[in-house]
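Colleague: One structure follows; several queries about it will come next.
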Amino acid sequence: MSEHKNEWDGEIVRKWLESRFSAAQSDQDRADKHGRAREDDYDKAAAEEFVCRLTKSSESTNSQGLFVERLKQLLDQKEFRCVGVHDERRFEREVRSYLRKLMKMTRASAGFENTSRYQ
């Protein structure tokens with residue numbers, strides 16, 4: 001049996017990125033209220049917000065190939081800077097992890113239709 005590959009839809013991708021951006025902001029607020037006990041959760045949510053902020057309004061979302069290239073460019077960056085994170089190394093590791101997740105989703109053109117709060 002052959003697998004059916006989903007059609008690429010930039011609008012759905014942008015909506016998904018926007019919903020993940022909002023969810024990441026909420027996760028940061030929730031983690032911040034718990035203080036030191038949830039610093040790692042804060043950094044993980046900050047990484048997700050960072051990646052979504054960089055990609056959600058990009059013209060590259062209109063094309064699957066261009067979006068993969070944009071994600072590769074981001075992944076090739078030496079370092080990522082964000083004010084307010086607790087552990088820069090953990091933040092960078094989470095950013096790279098999230099970029100790899102997005103690349104996998106983009107290549108498969110799958111998962112962007114799931115805009116539920118928790119994934």
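In the structure tokens, each chain is lettered A, B, ... as it comes, each chain's residues begin at 1, and ligands are numbered from 1 in order of appearance.
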When DSSP works through the backbone of this structure, what residues of chain A end up as alpha helix (DSSP H), shown as a PyMOL selection string?

Modeller: chain A and resi 10-33+39-55+64-75+88-108

Colleague: For stretch 29-86 of chain A versus stretch 6-23 of chain A, which residues have an atom no more than 6 Å away, and what is each residue's nearest atom pair and distance in Å rounded to one decimal, using only C-alpha atoms, chain-then-number order, as a tab-separated table?

Modeller:
residue	atom	partner	partner_atom	distance
A:Glu49	CA	A:Phe21	CA	5.0
A:Cys52	CA	A:Leu17	CA	5.5
A:Lys56	CA	A:Arg14	CA	5.3
A:Thr61	CA	A:Gly10	CA	5.0
A:Asn62	CA	A:Gly10	CA	4.4

Colleague: Which residues are near A:Val51? Cut-off 10 Å, only C-alpha atoms, ignore same chain within fewer than 3 positions. Put them as JSON, numbers by chain.

Modeller: {"A": [17, 20, 21, 46, 47, 48, 54, 55, 56, 71, 74, 94, 95, 96, 98, 99, 102]}

Colleague: Within 12 Å of A:Ala108, counting only C-alpha atoms, which residues show up once you throw out same-chain ones fewer than 2 positions away? Write them as a list of chain:residue names, please.

Modeller: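 The filter keeps A:Glu3, A:His4, A:Lys5, A:Asn6, A:Glu7, A:Trp8, A:Gln64, A:Gly65, A:Val68, A:Lys101, A:Leu102, A:Met103, A:Lys104, A:Met105, A:Thr106, A:Ala110, A:Gly111, A:Phe112.
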
Colleague: Could you jot down the atom CA of A:Arg81 to atom CA of A:Glu69 separation for me, Å, one decimal place?

Modeller: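 Distance reported for this atom pair: 20.9 Å.
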
Colleague: Could you pull the residues within 12 Å of A:Asp29, counting only C-alpha atoms, minus those fewer than 3 positions along the same chain, as an MDAnalysis selection string?

Modeller: chainID A and resid 22:26 32:35 38:39 41:43 45:46 49

Colleague: Based on the selection just made, write N, CA and C atoms of those residues as a PDB file, in the first residue's frame.

Modeller:
ATOM      1  N   SER A  22       0.884  30.862  21.069  1.00  0.00           N
ATOM      2  CA  SER A  22       0.019  31.238  22.195  1.00  0.00           C
ATOM      3  C   SER A  22       0.119  30.227  23.331  1.00  0.00           C
ATOM      4  N   ALA A  23       0.133  28.951  22.983  1.00  0.00           N
ATOM      5  CA  ALA A  23       0.235  27.910  24.007  1.00  0.00           C
ATOM      6  C   ALA A  23       1.568  28.007  24.751  1.00  0.00           C
ATOM      7  N   ALA A  24       2.642  28.303  24.036  1.00  0.00           N
ATOM      8  CA  ALA A  24       3.957  28.426  24.662  1.00  0.00           C
ATOM      9  C   ALA A  24       4.001  29.609  25.616  1.00  0.00           C
ATOM     10  N   GLN A  25       3.354  30.703  25.247  1.00  0.00           N
ATOM     11  CA  GLN A  25       3.307  31.853  26.144  1.00  0.00           C
ATOM     12  C   GLN A  25       2.561  31.507  27.428  1.00  0.00           C
ATOM     13  N   SER A  26       1.467  30.786  27.297  1.00  0.00           N
ATOM     14  CA  SER A  26       0.704  30.354  28.475  1.00  0.00           C
ATOM     15  C   SER A  26       1.526  29.408  29.336  1.00  0.00           C
ATOM     16  N   ASP A  32       6.369  30.078  35.245  1.00  0.00           N
ATOM     17  CA  ASP A  32       6.951  31.195  35.990  1.00  0.00           C
ATOM     18  C   ASP A  32       6.320  31.334  37.378  1.00  0.00           C
ATOM     19  N   LYS A  33       5.047  31.006  37.497  1.00  0.00           N
ATOM     20  CA  LYS A  33       4.353  31.099  38.778  1.00  0.00           C
ATOM     21  C   LYS A  33       4.867  30.074  39.782  1.00  0.00           C
ATOM     22  N   HIS A  34       5.467  28.992  39.294  1.00  0.00           N
ATOM     23  CA  HIS A  34       5.967  27.930  40.168  1.00  0.00           C
ATOM     24  C   HIS A  34       7.433  28.106  40.544  1.00  0.00           C
ATOM     25  N   GLY A  35       8.067  29.122  40.014  1.00  0.00           N
ATOM     26  CA  GLY A  35       9.437  29.443  40.406  1.00  0.00           C
ATOM     27  C   GLY A  35      10.473  28.424  39.960  1.00  0.00           C
ATOM     28  N   ARG A  38      10.030  24.845  38.259  1.00  0.00           N
ATOM     29  CA  ARG A  38       9.621  24.669  36.863  1.00  0.00           C
ATOM     30  C   ARG A  38      10.462  25.470  35.879  1.00  0.00           C
ATOM     31  N   GLU A  39      11.693  25.755  36.219  1.00  0.00           N
ATOM     32  CA  GLU A  39      12.556  26.513  35.316  1.00  0.00           C
ATOM     33  C   GLU A  39      12.783  25.777  33.996  1.00  0.00           C
ATOM     34  N   ASP A  41      10.677  23.756  32.517  1.00  0.00           N
ATOM     35  CA  ASP A  41       9.448  23.899  31.731  1.00  0.00           C
ATOM     36  C   ASP A  41       9.383  25.284  31.084  1.00  0.00           C
ATOM     37  N   TYR A  42       9.826  26.289  31.832  1.00  0.00           N
ATOM     38  CA  TYR A  42       9.842  27.654  31.307  1.00  0.00           C
ATOM     39  C   TYR A  42      10.763  27.736  30.090  1.00  0.00           C
ATOM     40  N   ASP A  43      11.955  27.186  30.206  1.00  0.00           N
ATOM     41  CA  ASP A  43      12.918  27.245  29.106  1.00  0.00           C
ATOM     42  C   ASP A  43      12.417  26.484  27.877  1.00  0.00           C
ATOM     43  N   ALA A  45       9.233  26.008  27.043  1.00  0.00           N
ATOM     44  CA  ALA A  45       8.169  26.820  26.451  1.00  0.00           C
ATOM     45  C   ALA A  45       8.751  28.056  25.760  1.00  0.00           C
ATOM     46  N   ALA A  46       9.795  28.632  26.333  1.00  0.00           N
ATOM     47  CA  ALA A  46      10.447  29.792  25.714  1.00  0.00           C
ATOM     48  C   ALA A  46      11.061  29.404  24.372  1.00  0.00           C
ATOM     49  N   GLU A  49       8.199  29.092  21.859  1.00  0.00           N
ATOM     50  CA  GLU A  49       7.747  30.425  21.483  1.00  0.00           C
ATOM     51  C   GLU A  49       8.750  31.095  20.540  1.00  0.00           C
TER      52      GLU A  49
END

Colleague: Just checking: using only C-alpha atoms, which residue out of A:Arg100, A:Val85, A:Phe50, A:Arg93 ends up closest to A:Lys72?

Modeller: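 Smallest distance to A:Lys72 is found for A:Arg100.
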
Colleague: Could you check the closest approach to A:Phe91 for each of A:Gln77, A:Lys44, A:Ser58, A:Asn114 and tell me which residue wins, using only C-alpha atoms?

Modeller: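 The closest residue to A:Phe91 is A:Lys44.
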
Colleague: Just to confirm, what's the straight-line distance from atom CA of A:Gln73 to atom CA of A:Asp87 in Å (one decimal)?

Modeller: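 These two atoms are separated by 23.3 Å.
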